[in-house]
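Enquirer: Sharing data_14.csv (CSV, C-alpha atoms) below.
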chain,number,residue,atom,x,y,z
A,1,MET,CA,0.0,0.0,0.0
A,2,GLN,CA,1.0,3.6,-0.3
A,3,ALA,CA,1.2,5.9,2.7
A,4,LEU,CA,2.3,9.4,3.6
A,5,ALA,CA,5.1,9.5,6.1
A,6,ILE,CA,7.4,11.9,7.8
A,7,GLN,CA,11.0,10.9,8.7
A,8,GLN,CA,11.5,13.9,11.0
A,9,TRP,CA,9.6,16.8,12.6
A,10,GLY,CA,9.3,19.8,10.3
A,11,LYS,CA,7.3,22.1,8.1
A,12,ALA,CA,4.4,21.1,5.8
A,13,ASP,CA,6.7,20.0,3.0
A,14,VAL,CA,8.3,17.2,5.1
A,15,PHE,CA,5.9,14.5,3.9
A,16,GLU,CA,6.9,11.8,1.5
A,17,GLU,CA,5.0,9.0,-0.1
A,18,ILE,CA,6.2,5.5,0.8
A,19,SER,CA,5.3,1.9,0.1
A,20,MET,CA,4.4,-0.3,3.0
A,21,THR,CA,3.1,-3.8,3.6
A,22,ILE,CA,-0.6,-3.9,4.2
A,23,PRO,CA,-1.0,-4.5,8.0
A,24,LYS,CA,-2.8,-7.5,9.4
A,25,PRO,CA,-5.5,-7.2,12.0
A,26,LYS,CA,-5.0,-8.8,15.4
A,27,ALA,CA,-7.8,-10.6,17.3
A,28,ASN,CA,-9.7,-7.4,18.3
A,29,ASP,CA,-8.9,-5.4,15.2
A,30,VAL,CA,-10.4,-4.6,11.9
A,31,LEU,CA,-8.6,-3.7,8.6
A,32,ILE,CA,-10.1,-0.8,6.8
A,33,LYS,CA,-9.6,0.3,3.2
A,34,VAL,CA,-9.4,4.0,3.8
A,35,ALA,CA,-11.7,6.2,1.7
A,36,TYR,CA,-10.8,9.5,3.4
A,37,ALA,CA,-8.6,10.5,6.3
A,38,GLY,CA,-9.8,13.3,8.4
A,39,LEU,CA,-7.4,16.2,9.1
A,40,ASN,CA,-7.2,17.8,12.5
A,41,PRO,CA,-5.2,20.7,14.0
A,42,ALA,CA,-3.4,18.1,16.2
A,43,ASP,CA,-1.9,16.7,12.9
A,44,TRP,CA,0.1,19.8,12.1
A,45,LYS,CA,1.2,20.2,15.7
A,46,MET,CA,2.4,16.6,15.7
A,47,ARG,CA,4.2,17.1,12.4
A,48,ALA,CA,5.9,20.2,13.7
A,49,GLY,CA,7.2,18.2,16.8
A,50,HIS,CA,5.0,19.9,19.4
A,51,LEU,CA,3.9,16.5,20.7
A,52,ALA,CA,7.3,14.8,20.7
A,53,GLN,CA,7.7,14.8,24.5
A,54,ALA,CA,4.1,14.0,25.2
A,55,MET,CA,4.1,11.0,22.9
A,56,PRO,CA,7.4,9.2,23.2
A,57,ASN,CA,5.9,6.1,21.6
A,58,LEU,CA,5.9,7.8,18.2
A,59,VAL,CA,8.6,6.4,15.8
A,60,PHE,CA,9.8,7.3,12.3
A,61,PRO,CA,8.8,6.8,9.7
A,62,LEU,CA,5.6,8.2,11.2
A,63,ILE,CA,2.2,7.7,9.5
A,64,MET,CA,-0.1,10.4,11.0
A,65,GLY,CA,-3.9,10.7,11.0
A,66,LEU,CA,-6.5,10.4,13.8
A,67,ASP,CA,-9.7,9.9,11.8
A,68,ALA,CA,-10.7,7.7,8.8
A,69,SER,CA,-13.7,6.5,6.9
A,70,GLY,CA,-13.8,3.5,4.6
A,71,THR,CA,-14.7,-0.2,4.2
A,72,VAL,CA,-13.9,-3.1,6.4
A,73,VAL,CA,-11.9,-5.7,4.4
A,74,ALA,CA,-10.8,-8.0,7.2
A,75,VAL,CA,-11.6,-8.7,10.8
A,76,GLY,CA,-9.8,-10.3,13.8
A,77,GLU,CA,-11.1,-13.5,15.3
A,78,ASN,CA,-12.6,-11.7,18.4
A,79,VAL,CA,-14.4,-9.0,16.4
A,80,ASN,CA,-18.2,-9.0,16.9
A,81,THR,CA,-19.3,-5.5,16.2
A,82,LEU,CA,-18.3,-5.3,12.5
A,83,LYS,CA,-18.0,-7.5,9.5
A,84,VAL,CA,-16.3,-7.4,6.1
A,85,GLY,CA,-18.0,-5.0,3.8
A,86,ASP,CA,-19.3,-2.6,6.5
A,87,ARG,CA,-18.9,1.1,5.8
A,88,VAL,CA,-17.3,2.7,8.8
A,89,ALA,CA,-16.1,5.9,10.5
A,90,SER,CA,-13.1,5.3,12.7
A,91,GLY,CA,-10.5,6.7,14.9
A,92,THR,CA,-7.0,5.3,14.9
A,93,ASN,CA,-4.6,3.7,17.3
A,94,LEU,CA,-2.0,6.5,16.8
A,95,PHE,CA,-2.5,8.6,19.9
A,96,HIS,CA,-2.9,5.8,22.5
A,97,GLU,CA,-0.6,3.1,21.0
A,98,GLY,CA,1.7,4.9,18.6
A,99,LYS,CA,0.4,2.6,15.7
A,100,PRO,CA,0.2,4.0,12.1
A,101,GLY,CA,-2.6,6.5,11.5
A,102,SER,CA,-5.0,7.1,8.6
A,103,TYR,CA,-2.7,8.8,6.1
A,104,ALA,CA,-2.5,5.4,4.3
A,105,GLN,CA,-4.5,3.3,1.9
A,106,TYR,CA,-5.2,0.7,4.7
A,107,LEU,CA,-5.6,1.1,8.4
A,108,VAL,CA,-5.7,-1.4,11.3
A,109,VAL,CA,-7.8,-0.2,14.2
A,110,ASN,CA,-9.3,-1.7,17.4
A,111,GLN,CA,-12.9,-2.5,16.8
A,112,GLN,CA,-14.0,-0.2,19.7
A,113,ARG,CA,-12.8,2.8,17.7
A,114,ALA,CA,-14.9,2.1,14.6
A,115,VAL,CA,-18.6,2.3,14.0
A,116,LYS,CA,-20.8,1.4,11.1
A,117,ILE,CA,-22.3,4.3,9.1
A,118,PRO,CA,-25.5,4.3,7.0
A,119,ASN,CA,-25.4,4.6,3.2
A,120,SER,CA,-26.9,8.1,3.6
A,121,VAL,CA,-23.6,9.3,5.1
A,122,SER,CA,-20.8,9.9,2.5
A,123,PHE,CA,-17.3,8.7,3.2
A,124,ALA,CA,-16.1,12.3,3.1
A,125,SER,CA,-18.5,13.4,5.8
A,126,ALA,CA,-17.8,10.3,7.9
A,127,ALA,CA,-14.1,11.2,7.9
A,128,THR,CA,-14.9,14.4,9.7
A,129,LEU,CA,-16.7,12.6,12.5
A,130,THR,CA,-14.5,10.9,15.1
A,131,THR,CA,-12.1,13.3,16.7
A,132,PRO,CA,-14.1,16.6,16.4
A,133,SER,CA,-17.5,15.2,17.3
A,134,ILE,CA,-16.2,13.1,20.2
A,135,THR,CA,-14.2,16.1,21.4
A,136,ALA,CA,-17.3,18.3,21.4
A,137,TRP,CA,-19.5,15.6,22.9
A,138,GLN,CA,-17.2,14.8,25.8
A,139,ALA,CA,-16.5,18.5,26.4
A,140,LEU,CA,-20.2,19.2,26.8
A,141,PHE,CA,-21.5,16.1,28.5
A,142,SER,CA,-18.7,14.3,30.3
A,143,THR,CA,-19.2,14.6,34.1
A,144,SER,CA,-15.6,15.6,34.6
A,145,LYS,CA,-15.9,18.4,32.0
A,146,GLY,CA,-19.0,20.3,31.0
A,147,ALA,CA,-21.6,17.9,32.6
A,148,LEU,CA,-24.3,19.6,30.5
A,149,LYS,CA,-27.4,17.3,30.9
A,150,ASN,CA,-30.7,19.0,31.0
A,151,ALA,CA,-29.7,22.4,29.5
A,152,LYS,CA,-33.1,24.1,29.3
A,153,ASP,CA,-32.8,27.8,30.1
A,154,LYS,CA,-29.0,27.5,30.1
A,155,LYS,CA,-27.0,29.9,28.1
A,156,ILE,CA,-23.8,28.8,26.4
A,157,LEU,CA,-21.2,30.5,24.2
A,158,ILE,CA,-19.4,28.4,21.5
A,159,ASN,CA,-16.2,30.2,20.6
A,160,GLY,CA,-15.0,29.1,17.2
A,161,ALA,CA,-18.3,27.8,16.0
A,162,SER,CA,-17.4,27.3,12.3
A,163,GLY,CA,-14.6,24.9,12.8
A,164,GLY,CA,-14.8,21.1,13.2
A,165,VAL,CA,-15.3,20.9,17.0
A,166,GLY,CA,-17.5,24.0,17.0
A,167,SER,CA,-19.8,22.8,14.2
A,168,PHE,CA,-20.7,19.8,16.2
A,169,ALA,CA,-20.8,21.6,19.6
A,170,VAL,CA,-23.4,24.1,18.4
A,171,GLN,CA,-25.7,21.3,17.3
A,172,PHE,CA,-25.2,19.1,20.4
A,173,ALA,CA,-25.8,22.1,22.8
A,174,LYS,CA,-29.0,23.0,20.9
A,175,GLN,CA,-30.2,19.4,21.0
A,176,ALA,CA,-29.6,19.4,24.8
A,177,GLY,CA,-31.9,22.4,25.1
A,178,ALA,CA,-29.4,25.2,25.6
A,179,GLU,CA,-29.7,28.7,24.2
A,180,VAL,CA,-26.6,29.0,22.0
A,181,ALA,CA,-24.5,32.1,21.2
A,182,THR,CA,-21.6,31.7,18.8
A,183,THR,CA,-18.5,33.5,17.6
A,184,SER,CA,-17.3,33.3,14.0
A,185,SER,CA,-15.9,35.5,11.2
A,186,THR,CA,-18.2,37.5,9.0
A,187,LYS,CA,-18.0,35.0,6.1
A,188,ASN,CA,-19.1,32.1,8.3
A,189,LEU,CA,-22.2,33.8,10.0
A,190,SER,CA,-24.8,32.2,7.7
A,191,TYR,CA,-23.2,28.8,8.1
A,192,VAL,CA,-23.2,29.0,11.9
A,193,LYS,CA,-26.8,30.2,11.9
A,194,SER,CA,-27.7,27.1,9.8
A,195,LEU,CA,-26.3,24.9,12.6
A,196,GLY,CA,-28.7,26.4,15.1
A,197,SER,CA,-27.0,29.3,16.7
A,198,HIS,CA,-29.5,31.6,18.4
A,199,PHE,CA,-27.2,34.6,18.8
A,200,LEU,CA,-24.4,35.4,16.3
A,201,ILE,CA,-21.3,37.3,17.2
A,202,ASP,CA,-18.9,38.4,14.4
A,203,TYR,CA,-15.5,38.6,16.1
A,204,LYS,CA,-14.2,40.6,13.1
A,205,THR,CA,-16.5,43.5,13.5
A,206,GLN,CA,-18.0,43.2,17.0
A,207,ASP,CA,-16.8,43.2,20.6
A,208,ILE,CA,-17.4,39.7,21.9
A,209,ASN,CA,-17.7,40.7,25.5
A,210,GLU,CA,-20.2,43.5,24.8
A,211,ARG,CA,-22.3,41.2,22.7
A,212,VAL,CA,-22.3,38.5,25.4
A,213,LYS,CA,-23.6,41.0,27.9
A,214,THR,CA,-26.6,41.6,25.5
A,215,PHE,CA,-27.1,37.8,25.1
A,216,ALA,CA,-26.7,37.0,28.8
A,217,PRO,CA,-26.9,40.1,31.1
A,218,GLU,CA,-26.6,37.9,34.2
A,219,GLY,CA,-23.7,35.9,32.7
A,220,LEU,CA,-23.2,32.7,30.8
A,221,ASP,CA,-23.8,29.2,32.3
A,222,TYR,CA,-21.1,27.7,30.0
A,223,ILE,CA,-18.4,28.8,27.5
A,224,LEU,CA,-16.9,26.2,25.2
A,225,ASP,CA,-13.7,27.6,23.8
A,226,ALA,CA,-12.7,25.7,20.7
A,227,VAL,CA,-10.1,28.2,19.7
A,228,GLY,CA,-7.8,29.0,22.7
A,229,GLY,CA,-4.7,31.1,22.4
A,230,GLY,CA,-6.3,34.0,24.3
A,231,SER,CA,-9.0,34.6,21.7
A,232,LEU,CA,-11.4,35.4,24.5
A,233,ASN,CA,-10.6,38.4,26.7
A,234,ASN,CA,-11.4,37.8,30.4
A,235,ALA,CA,-13.5,34.8,29.6
A,236,LEU,CA,-14.0,33.9,33.3
A,237,ASP,CA,-15.7,37.3,33.8
A,238,LEU,CA,-18.4,36.4,31.3
A,239,LEU,CA,-19.7,33.5,33.5
A,240,LYS,CA,-22.4,33.7,36.1
A,241,PRO,CA,-21.5,32.4,39.6
A,242,GLY,CA,-21.1,28.6,39.3
A,243,GLY,CA,-20.6,28.8,35.5
A,244,THR,CA,-18.1,26.7,33.6
A,245,LEU,CA,-15.4,27.6,31.0
A,246,ILE,CA,-14.5,24.5,29.0
A,247,SER,CA,-11.3,24.9,27.0
A,248,ILE,CA,-10.5,22.4,24.2
A,249,ALA,CA,-6.8,21.6,25.0
A,250,THR,CA,-4.8,22.9,22.1
A,251,ILE,CA,-1.4,21.6,23.3
A,252,THR,CA,0.6,24.5,22.0
A,253,ASP,CA,-1.1,27.7,23.4
A,254,ASP,CA,-3.0,26.8,26.5
A,255,GLY,CA,-1.1,29.1,28.8
A,256,ASP,CA,-0.7,28.5,32.5
A,257,ILE,CA,-3.5,25.9,33.1
A,258,GLU,CA,-3.1,25.6,36.9
A,259,ALA,CA,-3.1,29.4,37.3
A,260,SER,CA,-6.3,29.8,35.3
A,261,MET,CA,-8.0,27.0,37.2
A,262,GLU,CA,-7.1,28.6,40.5
A,263,GLU,CA,-8.3,32.0,39.3
A,264,ALA,CA,-11.6,30.5,38.3
A,265,GLN,CA,-12.0,29.0,41.7
A,266,GLN,CA,-11.4,32.3,43.4
A,267,LYS,CA,-14.1,33.9,41.2
A,268,GLY,CA,-16.7,31.2,42.0
A,269,VAL,CA,-16.6,29.6,38.6
A,270,GLN,CA,-14.6,26.7,37.2
A,271,HIS,CA,-12.3,26.2,34.3
A,272,VAL,CA,-11.8,22.7,32.9
A,273,TYR,CA,-9.7,21.5,30.0
A,274,ALA,CA,-11.2,18.9,27.6
A,275,VAL,CA,-8.9,16.1,26.3
A,276,VAL,CA,-10.5,13.2,24.4
A,277,SER,CA,-10.8,10.0,26.3
A,278,ASP,CA,-11.3,6.4,25.0
A,279,GLU,CA,-13.8,5.7,27.7
A,280,GLY,CA,-17.3,5.4,26.3
A,281,MET,CA,-16.1,6.4,22.8
A,282,HIS,CA,-17.8,3.6,20.9
A,283,GLU,CA,-21.2,4.3,22.5
A,284,GLN,CA,-20.8,8.0,22.0
A,285,LEU,CA,-19.9,7.7,18.4
A,286,SER,CA,-22.8,5.3,17.8
A,287,ASN,CA,-25.2,7.8,19.3
A,288,ILE,CA,-23.8,10.6,17.1
A,289,VAL,CA,-24.1,8.4,14.0
A,290,ALA,CA,-27.7,7.7,15.0
A,291,MET,CA,-28.4,11.4,15.3
A,292,ALA,CA,-27.1,11.9,11.8
A,293,GLU,CA,-29.2,9.0,10.4
A,294,ALA,CA,-32.3,10.5,12.0
A,295,GLY,CA,-31.6,13.9,10.4
A,296,GLU,CA,-31.0,15.5,13.8
A,297,MET,CA,-27.5,16.6,12.9
A,298,VAL,CA,-25.6,17.8,9.8
A,299,PHE,CA,-21.9,17.3,9.1
A,300,PRO,CA,-19.6,20.2,8.6
A,301,PRO,CA,-18.6,21.0,4.9
A,302,THR,CA,-15.5,19.4,3.7
A,303,GLN,CA,-12.6,20.4,1.5
A,304,SER,CA,-10.8,17.5,-0.1
A,305,PHE,CA,-7.1,17.1,-0.9
A,306,ALA,CA,-5.3,14.4,-2.9
A,307,MET,CA,-2.4,12.6,-1.5
A,308,ASN,CA,0.1,14.7,-3.4
A,309,GLU,CA,-1.5,17.8,-1.9
A,310,ILE,CA,-0.9,16.9,1.7
A,311,SER,CA,1.6,19.7,2.2
A,312,HIS,CA,-0.9,22.3,1.0
A,313,ALA,CA,-3.6,20.8,3.2
A,314,HIS,CA,-1.3,21.2,6.3
A,315,GLU,CA,-0.5,24.7,5.4
A,316,ARG,CA,-4.3,25.4,5.1
A,317,MET,CA,-4.9,23.9,8.5
A,318,GLU,CA,-2.2,26.0,10.1
A,319,THR,CA,-4.0,29.2,9.2
A,320,GLY,CA,-6.7,28.2,11.7
A,321,HIS,CA,-9.5,29.7,9.5
A,322,ALA,CA,-10.8,26.8,7.5
A,323,GLN,CA,-14.6,26.5,7.6
A,324,GLY,CA,-15.7,23.0,8.5
A,325,LYS,CA,-13.2,20.2,7.9
A,326,LEU,CA,-10.4,19.2,5.6
A,327,VAL,CA,-10.1,15.6,4.4
A,328,LEU,CA,-7.4,13.7,2.6
A,329,GLU,CA,-8.8,11.5,-0.3
A,330,LEU,CA,-7.4,8.0,-0.6
A,331,ALA,CA,-9.9,5.5,-2.2
A,332,GLY,CA,-12.6,8.2,-2.2
A,333,GLU,CA,-16.3,7.6,-2.5
A,334,GLY,CA,-15.8,4.6,-4.8
Would you mind writing the structure in this file as structure tokens?

Expert:
Amino acid sequence: MQALAIQQWGKADVFEEISMTIPKPKANDVLIKVAYAGLNPADWKMRAGHLAQAMPNLVFPLIMGLDASGTVVAVGENVNTLKVGDRVASGTNLFHEGKPGSYAQYLVVNQQRAVKIPNSVSFASAATLTTPSITAWQALFSTSKGALKNAKDKKILINGASGGVGSFAVQFAKQAGAEVATTSSTKNLSYVKSLGSHFLIDYKTQDINERVKTFAPEGLDYILDAVGGGSLNNALDLLKPGGTLISIATITDDGDIEASMEEAQQKGVQHVYAVVSDEGMHEQLSNIVAMAEAGEMVFPPTQSFAMNEISHAHERMETGHAQGKLVLELAGEG
């Protein structure tokens, strides 16, 4: 099979296409012929070496990629959730086990990280699913993070609503009954409104804090910050007493986490950092797919890149201003 690999940390042009033996699934694994690989901000940060110390199990040549869609072509002897021929959306074993990711024509993954998708969901859309949707779901609903259950009469701000995580978070929060305000650039306002935002904030032309005071004069119950890097000024002051700021961990620009959590406690609010956990992932992903099949959720728009355009795709990701999700085409919809 062909795969995209890096032999060292570096800039977007560090990728090279290599030939590899198609991997064989172990007892609890499935082998997937990859249609599309989903691209995530963590990819370029990994490529640049920002995760080198945090993930010592990564070895060169490194095949990156956290998300995939495709068709199951082989299963291990203990697999009971999927069968050959199933169309699937999948995570990879890269982060937790250091195994090759989805930038390749075939992928071996533990069965718990893959779920069957209906024919109504395209492979391109399915490749956007795992990491961003699970990140948003766990950030909002995990008891150790947002703990957003019955959200009726709750007011939440989604910062960075037009990106991958934000696109799912807007929809999940609305489904839970919350009143949702969102930040996005001018060009993405109509898209974010289509996701279900009740109150649009254009960070290009409007003062976010002043607009939040209009939306929630008594303060917000929740803020989900999918951008980080200080994009919100005095975010803790936008919360009502007992409110929660949920930051999606960005790895490279989270600032002094302990100091921020201590400051939140002093102000009578809390600041939590959301990092994706494997716990409950299969059930959560199945629920999200069921929502999509029932027409209760839409997928973010995708921009597709060919294998020989991987460097351009990474450069696009690094701008931080892509609407929806970028995907890498391997076998494609066929």

Enquirer: Using atom CA of Met20 of chain A and atom CA of Ser277 of chain A as the two end points, give the distance in Å to one decimal.

Expert: 29.7 Å

Enquirer: Would you kindly return, as a PyMOL selection string, each protein, DNA or RNA residue with an atom no farther than 7 Å from any atom of segment 136-140 of chain A, considering all atoms listed in the file and excluding same-chain residues fewer than 2 positions away?

Expert: chain A and resi 132-134+142+145-148+165+168-169+246+274

Enquirer: Given the selection you just returned, output its residues as a file containing C-alpha atoms, formatted as a PDB file, in the coordinates of the input.

Expert:
ATOM      1  CA  PRO A 132     -14.100  16.600  16.400  1.00  0.00           C
ATOM      2  CA  SER A 133     -17.500  15.200  17.300  1.00  0.00           C
ATOM      3  CA  ILE A 134     -16.200  13.100  20.200  1.00  0.00           C
ATOM      4  CA  SER A 142     -18.700  14.300  30.300  1.00  0.00           C
ATOM      5  CA  LYS A 145     -15.900  18.400  32.000  1.00  0.00           C
ATOM      6  CA  GLY A 146     -19.000  20.300  31.000  1.00  0.00           C
ATOM      7  CA  ALA A 147     -21.600  17.900  32.600  1.00  0.00           C
ATOM      8  CA  LEU A 148     -24.300  19.600  30.500  1.00  0.00           C
ATOM      9  CA  VAL A 165     -15.300  20.900  17.000  1.00  0.00           C
ATOM     10  CA  PHE A 168     -20.700  19.800  16.200  1.00  0.00           C
ATOM     11  CA  ALA A 169     -20.800  21.600  19.600  1.00  0.00           C
ATOM     12  CA  ILE A 246     -14.500  24.500  29.000  1.00  0.00           C
ATOM     13  CA  ALA A 274     -11.200  18.900  27.600  1.00  0.00           C
TER      14      ALA A 274
END

Enquirer: Could you work out how far atom CA of Glu17 of chain A lies from atom CA of Ala306 of chain A, giving the answer in Å with one decimal?

Expert: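 Between atom CA of Ala306 of chain A and atom CA of Glu17 of chain A the gap works out to 12.0 Å.
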
Enquirer: Determine, counting all atoms listed in the file, which protein, DNA and RNA residues have an atom within 9 Å of an atom of segment 223-238 of chain A; residues of the same chain fewer than 5 positions away are not included. Present the result as a ChimeraX atom specification.

Expert: /A:136,139-140,146,155-161,163,165-166,169,208-209,212-213,216,218,243-250,252-255,260,263-264,267,269-271,320

Enquirer: I'd like the contact shell of Lys26 of chain A - 12 Å cut-off, all atoms listed in the file, skipping same-chain residues fewer than 2 positions apart - returned as a list in words.

Expert: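 Near Lys26 of chain A, the qualifying residues are Pro23, Lys24, Asn28, Asp29, Val30, Leu31, Ala74, Val75, Gly76, Glu77, Asn78, Val79, Val108, Val109, Asn110 and Gln111 of chain A.
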
Enquirer: Grab the residues selected above and save them as a short mmCIF file (atom, residue, chain, number, x, y, z; two decimals), in the frame of the given file with C-alpha atoms.

Expert:
data_model
loop_
_atom_site.label_atom_id
_atom_site.label_comp_id
_atom_site.auth_asym_id
_atom_site.auth_seq_id
_atom_site.Cartn_x
_atom_site.Cartn_y
_atom_site.Cartn_z
CA PRO A 23 -1.00 -4.50 8.00
CA LYS A 24 -2.80 -7.50 9.40
CA ASN A 28 -9.70 -7.40 18.30
CA ASP A 29 -8.90 -5.40 15.20
CA VAL A 30 -10.40 -4.60 11.90
CA LEU A 31 -8.60 -3.70 8.60
CA ALA A 74 -10.80 -8.00 7.20
CA VAL A 75 -11.60 -8.70 10.80
CA GLY A 76 -9.80 -10.30 13.80
CA GLU A 77 -11.10 -13.50 15.30
CA ASN A 78 -12.60 -11.70 18.40
CA VAL A 79 -14.40 -9.00 16.40
CA VAL A 108 -5.70 -1.40 11.30
CA VAL A 109 -7.80 -0.20 14.20
CA ASN A 110 -9.30 -1.70 17.40
CA GLN A 111 -12.90 -2.50 16.80
#

Enquirer: Could you list, as a compact mmCIF listing (two decimals) with C-alpha atoms, in the coordinates of the input, every residue within 7 Å of Ser311 of chain A, counting all atoms listed in the file and ignoring same-chain residues fewer than 2 positions away?

Expert:
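Result file is selection-v5.txt:
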# COMPACT_ATOMS: atom_id res chain seq x y z
CA ALA A 12 4.40 21.10 5.80
CA ASP A 13 6.70 20.00 3.00
CA PHE A 15 5.90 14.50 3.90
CA GLU A 309 -1.50 17.80 -1.90
CA ALA A 313 -3.60 20.80 3.20
CA HIS A 314 -1.30 21.20 6.30
CA GLU A 315 -0.50 24.70 5.40

Enquirer: Could you produce a table of the residues of segment 1-100 of chain A lying within 12 Å of segment 301-304 of chain A, with the nearest pair of atoms per residue and their separation in Å rounded to one decimal, using all atoms listed in the file, ordered by chain and increasing residue number, as a tab-separated table?

Expert:
residue	atom	partner	partner_atom	distance
A:Ala35	CA	A:Ser304	CA	11.5
A:Tyr36	CA	A:Ser304	CA	8.7
A:Ala37	CA	A:Ser304	CA	9.7
A:Gly38	CA	A:Ser304	CA	9.5
A:Leu39	CA	A:Ser304	CA	9.9

Enquirer: Tell me, in Å to one decimal, how far atom CA of Asp86 of chain A is from atom CA of Ile63 of chain A.

Expert: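 Rounded to one decimal, the two atoms are 24.0 Å apart.
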
Enquirer: Have a look at A:Lys187, A:Lys174, A:Lys149, A:Lys11 and name the one nearest to Phe199 of chain A; count all atoms listed in the file.

Expert: A:Lys174

Enquirer: For Gln284 of chain A, find every residue with an atom within 12 Å (counting only C-alpha atoms), except residues of its own chain fewer than 3 positions away, and show them as a ChimeraX atom specification.

Expert: /A:112-115,129-131,133-138,141-142,276-281,287-291

Enquirer: Let me make sure I understand: among A:Pro300, A:Val73, A:Leu62, A:Thr81, which one has the smallest atom-to-atom distance to Leu94 of chain A if we use only C-alpha atoms?

Expert: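 Ranked by minimum distance to Leu94 of chain A, first place goes to A:Leu62.
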